[in-house]
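Enquirer: Here you go, coords-v8.cif (mmCIF, C-alpha atoms and all ligand atoms):
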data_final
loop_
_atom_site.label_atom_id
_atom_site.label_comp_id
_atom_site.auth_asym_id
_atom_site.auth_seq_id
_atom_site.Cartn_x
_atom_site.Cartn_y
_atom_site.Cartn_z
CA MET A 1 67.90 230.53 90.07
CA ALA A 2 64.28 231.34 89.36
CA ASP A 3 63.52 233.09 86.09
CA ALA A 4 60.82 235.54 85.22
CA PRO A 5 58.64 234.18 82.40
CA GLY A 6 60.44 234.50 79.08
CA GLU A 7 63.65 235.72 80.74
CA ARG A 8 65.76 232.93 79.31
CA SER A 9 64.63 233.61 75.75
CA ASP A 10 66.71 236.76 75.31
CA PRO A 11 70.39 236.21 76.11
CA ARG A 12 71.09 239.96 76.22
CA ASP A 13 68.43 240.55 78.89
CA ARG A 14 69.49 237.46 80.74
CA ALA A 15 73.14 238.55 80.81
CA ALA A 16 72.16 242.04 81.99
CA ARG A 17 70.04 240.62 84.79
CA LEU A 18 72.76 238.22 85.87
CA ARG A 19 75.32 241.04 85.93
CA ASP A 20 73.02 243.20 88.06
CA ARG A 21 72.47 240.38 90.50
CA ILE A 22 76.13 239.43 90.71
CA GLU A 23 77.19 243.08 91.20
CA ARG A 24 74.68 243.40 94.04
CA TRP A 25 75.84 240.13 95.64
CA ASN A 26 79.49 241.20 95.24
CA HIS A 27 78.74 244.42 97.11
CA GLU A 28 77.00 242.54 99.93
CA TYR A 29 79.81 240.01 100.18
CA TYR A 30 82.99 242.03 99.60
CA VAL A 31 81.95 245.44 100.94
CA LEU A 32 79.28 244.80 103.56
CA ASP A 33 80.58 241.34 104.62
CA SER A 34 76.96 240.30 104.70
CA PRO A 35 75.86 238.01 101.85
CA SER A 36 72.15 237.48 101.24
CA VAL A 37 72.51 234.29 99.15
CA PRO A 38 74.53 231.11 99.62
CA ASP A 39 77.78 230.77 97.69
CA ALA A 40 76.31 227.96 95.59
CA GLU A 41 73.61 230.32 94.32
CA TYR A 42 76.25 232.90 93.47
CA ASP A 43 78.42 230.28 91.76
CA ARG A 44 75.49 229.10 89.62
CA ALA A 45 74.68 232.63 88.45
CA PHE A 46 78.35 233.33 87.77
CA ARG A 47 78.75 230.13 85.74
CA GLU A 48 75.58 230.88 83.77
CA LEU A 49 76.91 234.34 82.90
CA GLN A 50 80.28 232.87 81.87
CA ASP A 51 78.50 230.35 79.63
CA LEU A 52 76.34 233.07 78.07
CA GLU A 53 79.36 235.25 77.35
CA ARG A 54 81.18 232.26 75.84
CA ASP A 55 78.24 231.33 73.61
CA HIS A 56 77.50 234.97 72.67
CA PRO A 57 80.86 236.76 72.56
CA GLU A 58 79.09 239.94 71.43
CA LEU A 59 77.59 240.15 74.94
CA ALA A 60 80.96 240.07 76.73
CA THR A 61 82.05 243.38 78.27
CA ASP A 62 85.30 244.42 79.95
CA ASP A 63 83.48 245.45 83.09
CA SER A 64 81.53 242.20 83.44
CA PRO A 65 81.98 240.57 86.87
CA THR A 66 83.39 237.56 85.00
CA GLN A 67 86.40 239.69 84.06
CA ARG A 68 87.07 241.20 87.47
CA VAL A 69 88.25 240.21 90.92
CA GLY A 70 86.62 241.15 94.24
CA ALA A 71 85.70 244.79 94.78
CA ALA A 72 87.50 248.13 94.88
CA PRO A 73 89.11 249.03 98.22
CA GLN A 74 86.88 250.85 100.66
CA ALA A 75 87.29 254.46 101.71
CA GLY A 76 88.63 254.72 105.24
CA PHE A 77 91.57 252.44 104.56
CA GLY A 78 94.75 253.49 102.84
CA SER A 79 95.32 251.61 99.60
CA VAL A 80 98.16 249.33 98.60
CA ARG A 81 99.03 248.62 94.98
CA HIS A 82 99.93 244.97 94.37
CA ALA A 83 103.03 244.79 92.15
CA ILE A 84 101.95 241.21 91.36
CA PRO A 85 98.15 241.06 91.07
CA MET A 86 96.15 239.02 93.56
CA LEU A 87 93.88 236.99 91.36
CA SER A 88 90.97 234.65 91.83
CA LEU A 89 90.83 230.94 90.92
CA ASN A 90 88.79 229.20 88.28
CA ASN A 91 86.42 226.61 89.68
CA ALA A 92 85.83 222.97 88.83
CA PHE A 93 82.48 221.67 90.06
CA ASP A 94 82.87 218.03 89.00
CA ASP A 95 85.46 215.39 88.09
CA ASP A 96 85.16 216.04 84.35
CA GLU A 97 86.12 219.68 84.83
CA VAL A 98 89.22 218.58 86.74
CA LEU A 99 90.15 216.14 83.95
CA ALA A 100 89.66 218.92 81.39
CA PHE A 101 91.88 221.27 83.45
CA ASP A 102 94.64 218.64 83.54
CA ARG A 103 94.30 217.92 79.79
CA ARG A 104 94.53 221.59 78.94
CA ALA A 105 97.55 222.14 81.20
CA SER A 106 99.30 219.12 79.60
CA GLU A 107 98.58 220.49 76.11
CA LEU A 108 99.86 223.95 76.99
CA LEU A 109 103.03 222.56 78.56
CA GLY A 110 103.71 220.72 75.30
CA ASP A 111 107.36 219.69 75.04
CA LEU A 112 108.14 220.80 78.62
CA LEU A 113 106.29 217.71 79.82
CA PRO A 114 108.18 214.53 78.91
CA PRO A 115 106.20 212.13 76.65
CA ASP A 116 103.68 210.04 78.62
CA ALA A 117 104.54 211.86 81.84
CA GLN A 118 101.83 213.13 84.14
CA ILE A 119 101.85 216.56 85.75
CA ASP A 120 102.75 216.79 89.44
CA TYR A 121 100.38 219.06 91.32
CA CYS A 122 100.40 220.37 94.85
CA GLY A 123 97.03 219.72 96.48
CA GLU A 124 95.94 222.09 99.25
CA LEU A 125 92.80 222.99 101.11
CA LYS A 126 90.73 225.90 99.87
CA TYR A 127 90.38 227.96 103.02
CA ASP A 128 87.11 229.83 103.19
CA GLY A 129 88.38 233.17 104.43
CA LEU A 130 89.79 236.37 103.06
CA ALA A 131 92.98 236.77 101.03
CA LEU A 132 95.84 238.74 102.57
CA SER A 133 99.24 239.82 101.32
CA LEU A 134 101.92 240.28 104.01
CA ARG A 135 105.04 242.20 103.07
CA TYR A 136 108.23 241.41 104.98
CA GLU A 137 111.34 243.52 104.44
CA GLY A 138 114.55 242.34 106.10
CA GLY A 139 112.42 239.73 107.86
CA ARG A 140 110.06 242.29 109.48
CA LEU A 141 106.38 242.69 108.71
CA VAL A 142 106.07 246.15 107.15
CA SER A 143 102.61 246.07 105.59
CA ALA A 144 99.55 243.94 105.05
CA ALA A 145 96.85 244.35 102.45
CA THR A 146 93.58 242.77 101.39
CA ARG A 147 93.11 241.59 97.80
CA GLY A 148 90.66 244.40 96.97
CA ASP A 149 90.07 244.38 93.21
CA GLY A 150 93.23 242.36 92.60
CA SER A 151 95.36 245.38 91.64
CA THR A 152 94.78 247.56 94.68
CA GLY A 153 93.92 246.37 98.17
CA GLU A 154 93.15 247.96 101.51
CA ASP A 155 96.00 248.70 103.89
CA VAL A 156 95.15 246.63 106.97
CA THR A 157 98.64 246.59 108.51
CA ALA A 158 97.62 247.75 111.99
CA ASN A 159 94.83 245.16 112.11
CA VAL A 160 96.97 242.29 110.87
CA ARG A 161 99.60 243.07 113.51
CA THR A 162 97.03 241.98 116.09
CA ILE A 163 96.68 238.46 114.60
CA ARG A 164 98.84 236.18 116.74
CA ALA A 165 99.32 233.62 113.97
CA VAL A 166 101.04 236.24 111.80
CA PRO A 167 104.71 236.54 112.77
CA LEU A 168 105.98 240.11 113.07
CA ARG A 169 109.50 238.79 112.37
CA LEU A 170 110.43 235.86 110.19
CA ARG A 171 112.67 233.08 111.46
CA GLY A 172 116.07 232.14 110.10
CA ALA A 173 117.62 233.61 106.97
CA ALA A 174 114.76 235.75 105.69
CA PRO A 175 115.02 237.21 102.18
CA ALA A 176 115.42 240.97 101.68
CA LEU A 177 111.78 241.12 100.53
CA ILE A 178 109.04 238.55 100.56
CA GLU A 179 105.34 239.05 100.07
CA VAL A 180 103.51 236.16 101.69
CA ARG A 181 100.03 235.44 100.41
CA GLY A 182 97.47 233.55 102.38
CA GLU A 183 94.06 233.48 103.94
CA ALA A 184 92.78 235.05 107.16
CA LEU A 185 89.99 233.01 108.71
CA MET A 186 88.15 232.25 111.90
CA TYR A 187 87.84 228.82 113.49
CA LYS A 188 84.27 227.51 113.71
CA ALA A 189 84.26 227.28 117.52
CA ASP A 190 85.67 230.81 117.86
CA PHE A 191 83.00 232.05 115.47
CA GLU A 192 80.20 230.48 117.52
CA ARG A 193 81.54 232.03 120.72
CA MET A 194 81.98 235.43 119.08
CA ASN A 195 78.48 235.40 117.61
CA ALA A 196 77.03 234.42 121.00
CA ARG A 197 78.75 237.47 122.51
CA GLN A 198 77.46 239.70 119.68
CA ARG A 199 73.94 238.35 120.29
CA ALA A 200 74.18 238.91 124.06
CA SER A 201 75.25 242.52 123.57
CA GLY A 202 72.61 243.18 120.90
CA GLU A 203 75.18 243.63 118.11
CA ARG A 204 75.10 242.37 114.54
CA GLU A 205 75.71 238.65 114.14
CA PHE A 206 77.75 237.36 111.22
CA VAL A 207 76.36 234.88 108.69
CA ASN A 208 79.35 232.52 108.78
CA PRO A 209 83.02 232.36 109.83
CA ARG A 210 84.18 233.69 106.45
CA ASN A 211 82.18 236.89 106.73
CA ALA A 212 83.06 237.23 110.40
CA ALA A 213 86.75 237.05 109.46
CA ALA A 214 86.36 239.60 106.68
CA GLY A 215 84.30 241.94 108.86
CA SER A 216 86.77 241.61 111.73
CA LEU A 217 89.78 242.34 109.60
CA ARG A 218 88.26 245.32 107.85
CA GLN A 219 87.66 247.33 111.03
CA LEU A 220 88.81 250.93 111.12
CA ASP A 221 89.81 250.49 114.76
CA PRO A 222 92.60 247.89 115.22
CA ALA A 223 91.47 247.37 118.84
CA MET A 224 88.26 245.86 117.43
CA THR A 225 90.27 243.46 115.26
CA ALA A 226 92.48 242.56 118.23
CA ALA A 227 89.39 241.40 120.11
CA ARG A 228 88.40 239.02 117.29
CA PRO A 229 89.86 235.50 117.09
CA LEU A 230 91.50 235.62 113.65
CA ARG A 231 93.93 233.05 112.24
CA PHE A 232 96.05 232.90 109.12
CA PHE A 233 97.34 230.25 106.70
CA ALA A 234 99.97 231.03 104.06
CA TYR A 235 99.58 229.46 100.59
CA GLY A 236 101.90 231.37 98.27
CA VAL A 237 104.35 234.15 97.54
CA GLY A 238 104.03 237.37 95.53
CA GLU A 239 107.11 239.58 95.21
CA LEU A 240 110.41 238.04 96.25
CA ASP A 241 113.88 239.55 96.36
CA GLY A 242 117.15 238.37 97.83
CA ALA A 243 116.50 234.64 97.73
CA ALA A 244 116.11 232.03 95.05
CA GLU A 245 112.59 230.73 94.68
CA PRO A 246 112.29 226.99 95.37
CA GLU A 247 111.65 224.85 92.29
CA THR A 248 108.26 223.61 93.34
CA HIS A 249 105.16 224.97 95.02
CA ALA A 250 105.39 222.23 97.67
CA GLY A 251 108.99 223.33 98.31
CA LEU A 252 107.81 226.92 98.60
CA LEU A 253 105.27 225.95 101.26
CA ASP A 254 107.95 224.06 103.22
CA TRP A 255 110.16 227.15 103.03
CA LEU A 256 107.32 229.32 104.40
CA VAL A 257 107.05 226.89 107.33
CA ALA A 258 110.81 227.25 107.94
CA LEU A 259 110.37 231.05 107.95
CA GLY A 260 107.88 230.64 110.81
CA LEU A 261 104.64 231.06 108.86
CA PRO A 262 101.57 228.91 109.52
CA VAL A 263 100.86 226.60 106.55
CA GLY A 264 98.05 224.03 106.54
CA ALA A 265 99.28 220.49 107.19
CA GLU A 266 96.88 218.98 104.62
CA ARG A 267 99.04 219.46 101.53
CA ARG A 268 100.45 216.85 99.21
CA VAL A 269 102.21 216.37 95.89
CA LEU A 270 99.83 214.51 93.56
CA ARG A 271 100.82 212.91 90.26
CA GLY A 272 98.19 213.04 87.53
CA PRO A 273 94.45 213.71 87.56
CA GLN A 274 93.32 210.51 89.33
CA ALA A 275 95.48 211.45 92.32
CA LEU A 276 93.75 214.86 92.35
CA LEU A 277 90.35 213.22 92.56
CA GLY A 278 91.54 210.90 95.35
CA PHE A 279 92.81 213.90 97.35
CA TYR A 280 89.49 215.68 96.82
CA ARG A 281 87.47 212.75 98.19
CA GLU A 282 89.75 212.30 101.15
CA MET A 283 89.55 215.99 102.10
CA GLN A 284 85.80 216.05 101.53
CA SER A 285 85.29 213.16 103.94
CA GLY A 286 87.55 214.78 106.56
CA ARG A 287 86.11 218.25 106.11
CA ALA A 288 83.74 218.23 109.09
CA ARG A 289 86.60 217.29 111.44
CA LEU A 290 88.62 220.40 110.54
CA PRO A 291 88.35 223.28 113.01
CA TYR A 292 87.77 225.75 110.15
CA ASP A 293 85.62 225.91 107.00
CA ILE A 294 86.95 224.94 103.61
CA ASP A 295 84.90 225.16 100.43
CA GLY A 296 86.98 222.80 98.34
CA VAL A 297 90.56 221.96 97.51
CA VAL A 298 93.05 223.72 95.23
CA TYR A 299 95.42 222.04 92.77
CA LYS A 300 98.48 223.97 91.59
CA VAL A 301 101.01 222.78 89.03
CA ASP A 302 103.92 221.99 91.32
CA ARG A 303 106.83 223.09 89.10
CA LEU A 304 106.98 226.87 89.45
CA ALA A 305 108.93 227.39 86.20
CA TRP A 306 105.89 226.03 84.32
CA HIS A 307 103.53 228.65 85.72
CA GLU A 308 104.83 231.22 83.26
CA ARG A 309 104.13 228.98 80.26
CA LEU A 310 100.59 228.32 81.50
CA GLY A 311 99.87 232.00 82.21
CA PHE A 312 96.56 233.62 83.11
CA VAL A 313 93.10 234.18 81.69
CA ALA A 314 91.11 237.26 82.71
CA ARG A 315 90.87 236.90 86.48
CA ALA A 316 92.58 233.60 87.22
CA PRO A 317 95.74 231.58 86.56
CA ARG A 318 95.78 228.57 84.22
CA PHE A 319 98.21 226.68 86.47
CA ALA A 320 95.73 226.26 89.33
CA ILE A 321 92.10 225.39 89.87
CA ALA A 322 89.74 225.23 92.84
CA HIS A 323 87.73 222.00 93.03
CA LYS A 324 84.66 223.04 94.99
CA PHE A 325 82.65 220.84 97.31
CA PRO A 326 78.95 220.50 96.49
CA ALA A 327 76.68 222.92 98.27
CA GLU A 328 74.26 222.06 100.99
CA GLU A 329 71.29 222.12 98.66
CA ALA A 330 68.55 222.24 101.28
CA VAL A 331 69.63 225.73 102.31
CA THR A 332 70.09 226.81 98.73
CA GLU A 333 66.63 225.79 97.65
CA LEU A 334 65.05 227.60 100.54
CA LEU A 335 66.90 230.76 99.65
CA ASP A 336 66.07 230.37 95.96
CA ILE A 337 62.55 231.29 96.82
CA GLU A 338 63.58 234.41 98.66
CA ILE A 339 65.83 235.85 95.99
CA GLN A 340 63.49 235.77 92.99
CA VAL A 341 63.66 239.14 91.29
P1 LIG A 401 87.34 232.16 95.43
O1 LIG A 401 87.25 232.57 96.85
O2 LIG A 401 86.44 231.08 95.00
O3 LIG A 401 88.84 231.70 95.04
C1 LIG A 401 89.97 232.53 95.08
C2 LIG A 401 90.46 232.75 96.48
O4 LIG A 401 90.67 231.50 97.12
C3 LIG A 401 91.80 233.42 96.58
O5 LIG A 401 91.70 234.81 96.46
C4 LIG A 401 92.26 232.98 97.94
O6 LIG A 401 91.93 233.98 98.86
C5 LIG A 401 91.43 231.77 98.26
N1 LIG A 401 92.19 230.58 98.65
C6 LIG A 401 91.85 229.78 99.71
N2 LIG A 401 92.70 228.76 99.84
C7 LIG A 401 93.65 228.92 98.87
C8 LIG A 401 94.80 228.17 98.51
N3 LIG A 401 95.15 227.06 99.16
N4 LIG A 401 95.52 228.60 97.46
C9 LIG A 401 95.17 229.71 96.77
N5 LIG A 401 94.08 230.47 97.06
C10 LIG A 401 93.32 230.07 98.10
O7 LIG A 401 87.17 233.33 94.50
P2 LIG A 401 86.80 234.81 94.79
O8 LIG A 401 87.01 235.48 93.50
O9 LIG A 401 87.48 235.33 95.98
O10 LIG A 401 85.29 234.78 95.19
C11 LIG A 401 84.36 234.14 94.49
C12 LIG A 401 83.65 233.21 95.43
O11 LIG A 401 83.22 233.91 96.59
C13 LIG A 401 82.45 232.65 94.76
O12 LIG A 401 82.75 231.44 94.12
C14 LIG A 401 81.47 232.51 95.91
O13 LIG A 401 81.68 231.23 96.46
C15 LIG A 401 81.90 233.57 96.88
N6 LIG A 401 81.04 234.77 96.78
C16 LIG A 401 79.81 234.66 97.31
C17 LIG A 401 78.95 235.74 97.24
C18 LIG A 401 77.58 235.60 97.85
O14 LIG A 401 76.78 236.53 97.73
N7 LIG A 401 77.28 234.51 98.53
C19 LIG A 401 79.31 236.92 96.61
C20 LIG A 401 80.59 237.00 96.07
C21 LIG A 401 81.45 235.91 96.14
#
Show the structure stored in the file as structure tokens.

Expert:
Amino acid sequence: MADAPGERSDPRDRAARLRDRIERWNHEYYVLDSPSVPDAEYDRAFRELQDLERDHPELATDDSPTQRVGAAPQAGFGSVRHAIPMLSLNNAFDDDEVLAFDRRASELLGDLLPPDAQIDYCGELKYDGLALSLRYEGGRLVSAATRGDGSTGEDVTANVRTIRAVPLRLRGAAPALIEVRGEALMYKADFERMNARQRASGEREFVNPRNAAAGSLRQLDPAMTAARPLRFFAYGVGELDGAAEPETHAGLLDWLVALGLPVGAERRVLRGPQALLGFYREMQSGRARLPYDIDGVVYKVDRLAWHERLGFVARAPRFAIAHKFPAEEAVTELLDIEIQV
């Protein structure tokens, strides 16, 4: 990010400027579904603010974007309170950060992890879409909500009912209550076709499939959402009642498949940090062949009972991390020039 002369010299000013920028970008991204900077630019500013707040704890504030998730729900939608918060993920941008994540998790697990044993993780794709929580009672879809600010999301039930990939009824022996968490997204080819139609009819084009998915889902008229080619992949569970939780995250994903939910096929149990890095490289090299965008992979400690011991920090769990793919720098540098403030 470009700095005004002398800007870096005063950490307080620098932090204030970064917060202003990040708040503005959050509004464009989460509320308007229309970002003006690439994600890599956002991630750099966010990381710089985190580093500043770590090095100067007196500058940290409760309302800093580093402490919060997403954005408050928008007027026009009913709101849904998440009994179990929908959080973000911490990011690793290089191998060393993944190794540090694994070391820290091993330390925190302490005696739970047998001596010299390595942690099993479940590796998954990081879908570049919009988080959804689907609530099934007695096997029937009763409500669907966006993540919102993590505690309260937007009620998008009528819209989600139009997504064909989302089952209205679960298969088999469904639990009394299950909240399925996952990502709504748009396939790349569907996005291109939709944008061509928008262009032809003189309507607003979307920047990328992620923002097209978010904009399509957050329509006040469900008929508009129905006309948009949305998909869904499940990656976790929130509230659960009337069934025992499987012992592992990989087992949980298999159970979701058995209940009739779409779960990405690219998932694997990985033992120890070197296996994580191998999975990352494999997914990175196959990324272009996927029909949808991913912006990295996610590693989650596989044993669900250990999640409680590892806990959470601010806006993200300590039992999972997103390992992001490097940005396409050519685009970023071009935009760097445009966003100088
Ligand atoms: P995030 O999107 O980086 O990570 C958390 C989210 O990942 C979860 O909420 C979930 O929806 C999603 N996810 C996808 N696959 C998953 C899986 N397999 N398991 C678990 N979760 C999975 O974090 P965020 O807090 O939603 O947003 C921050 C990111 O959004 C930034 O890093 C940036 O890339 C982007 N952003 C960009 C702008 C911009 O102006 N360009 C503005 C705001 C945010």

Enquirer: Separation of atom CA of A:Trp25 and atom C13 of ligand LIG 401 (chain A), in Å?

Expert: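 If I compute the distance from atom CA of A:Trp25 to atom C13 of ligand LIG 401 (chain A), I get 10.0 Å.
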
Enquirer: Could you list the protein, DNA and RNA residues that have any atom within 8 Å of ligand LIG 401 (chain A), counting all atoms listed in the file, and write them as a VMD selection string?

Expert: chain A and resid 22 25 to 30 34 to 43 46 69 to 70 86 to 91 124 to 132 147 182 to 183 234 to 236 294 to 295 297 to 298 322

Enquirer: Just how far from atom CA of A:Leu256 is atom CA of A:Tyr299, in Å to one decimal?

Expert: 18.2 Å

Enquirer: Need the neighbours of (91.9, 218.7, 88.4): which residues are at most 7 Å away, counting only C-alpha atoms, as a list in words?

Expert: Glu97, Val98, Leu99, Phe101, Asp102, Pro273, Leu276, Tyr299 and Ile321 of chain A

Enquirer: Kindly indicate which residue among A:Pro85, A:Gln198, A:Leu277, A:Leu18 lies nearest to A:Glu48, using all atoms listed in the file for the distances.

Expert: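 Of A:Pro85, A:Gln198, A:Leu277, A:Leu18, the one nearest A:Glu48, counting all atoms listed in the file, is A:Leu18.
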
Enquirer: May I have a table of the residues of stretch 35-139 of chain A lying at most 10 Å from stretch 156-162 of chain A, giving each one's closest pair of atoms and their distance in Å to one decimal, counting all atoms listed in the file, ordered by chain and ascending residue number, as CSV?

Expert:
residue,atom,partner,partner_atom,distance
A:Phe77,CA,A:Val156,CA,7.2
A:Gly78,CA,A:Val156,CA,8.0
A:Ser79,CA,A:Val156,CA,8.9
A:Val80,CA,A:Val156,CA,9.3
A:Leu132,CA,A:Val156,CA,9.1
A:Ser133,CA,A:Val156,CA,9.7
A:Leu134,CA,A:Thr157,CA,8.4
A:Arg135,CA,A:Thr157,CA,9.5

Enquirer: Excluding A:Gln284 and residues on its chain fewer than 4 positions from it, collect all residues at most 8 Å away from it, counting only C-alpha atoms, and give them as a list of chain:residue names.

Expert: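 Contacts, in chain order: A:Tyr280, A:Gly296, A:Phe325.
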
Enquirer: Excluding A:Leu240 and any residue of its chain fewer than 6 positions from it, enumerate the residues within 12 Å of it, using all atoms listed in the file, and give them as an MDAnalysis selection string.

Expert: chainID A and resid 83:84 134:139 174:181 246 252

Enquirer: Nearest to A:Arg14: which of A:Asp51, A:Asp96, A:Asp302, A:Asp241 is it, counting all atoms listed in the file?

Expert: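 Result for the nearest residue to A:Arg14: A:Asp51.
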
Enquirer: When you look at stretch 192-194 of chain A with a cut-off of 12 Å (counting only C-alpha atoms), what residues show up, excluding the ones that are within fewer than 2 positions of it in the same chain? I need them as a ChimeraX atom specification.

Expert: /A:186-190,196-201,203-209,212-213,216,227-230,291-292
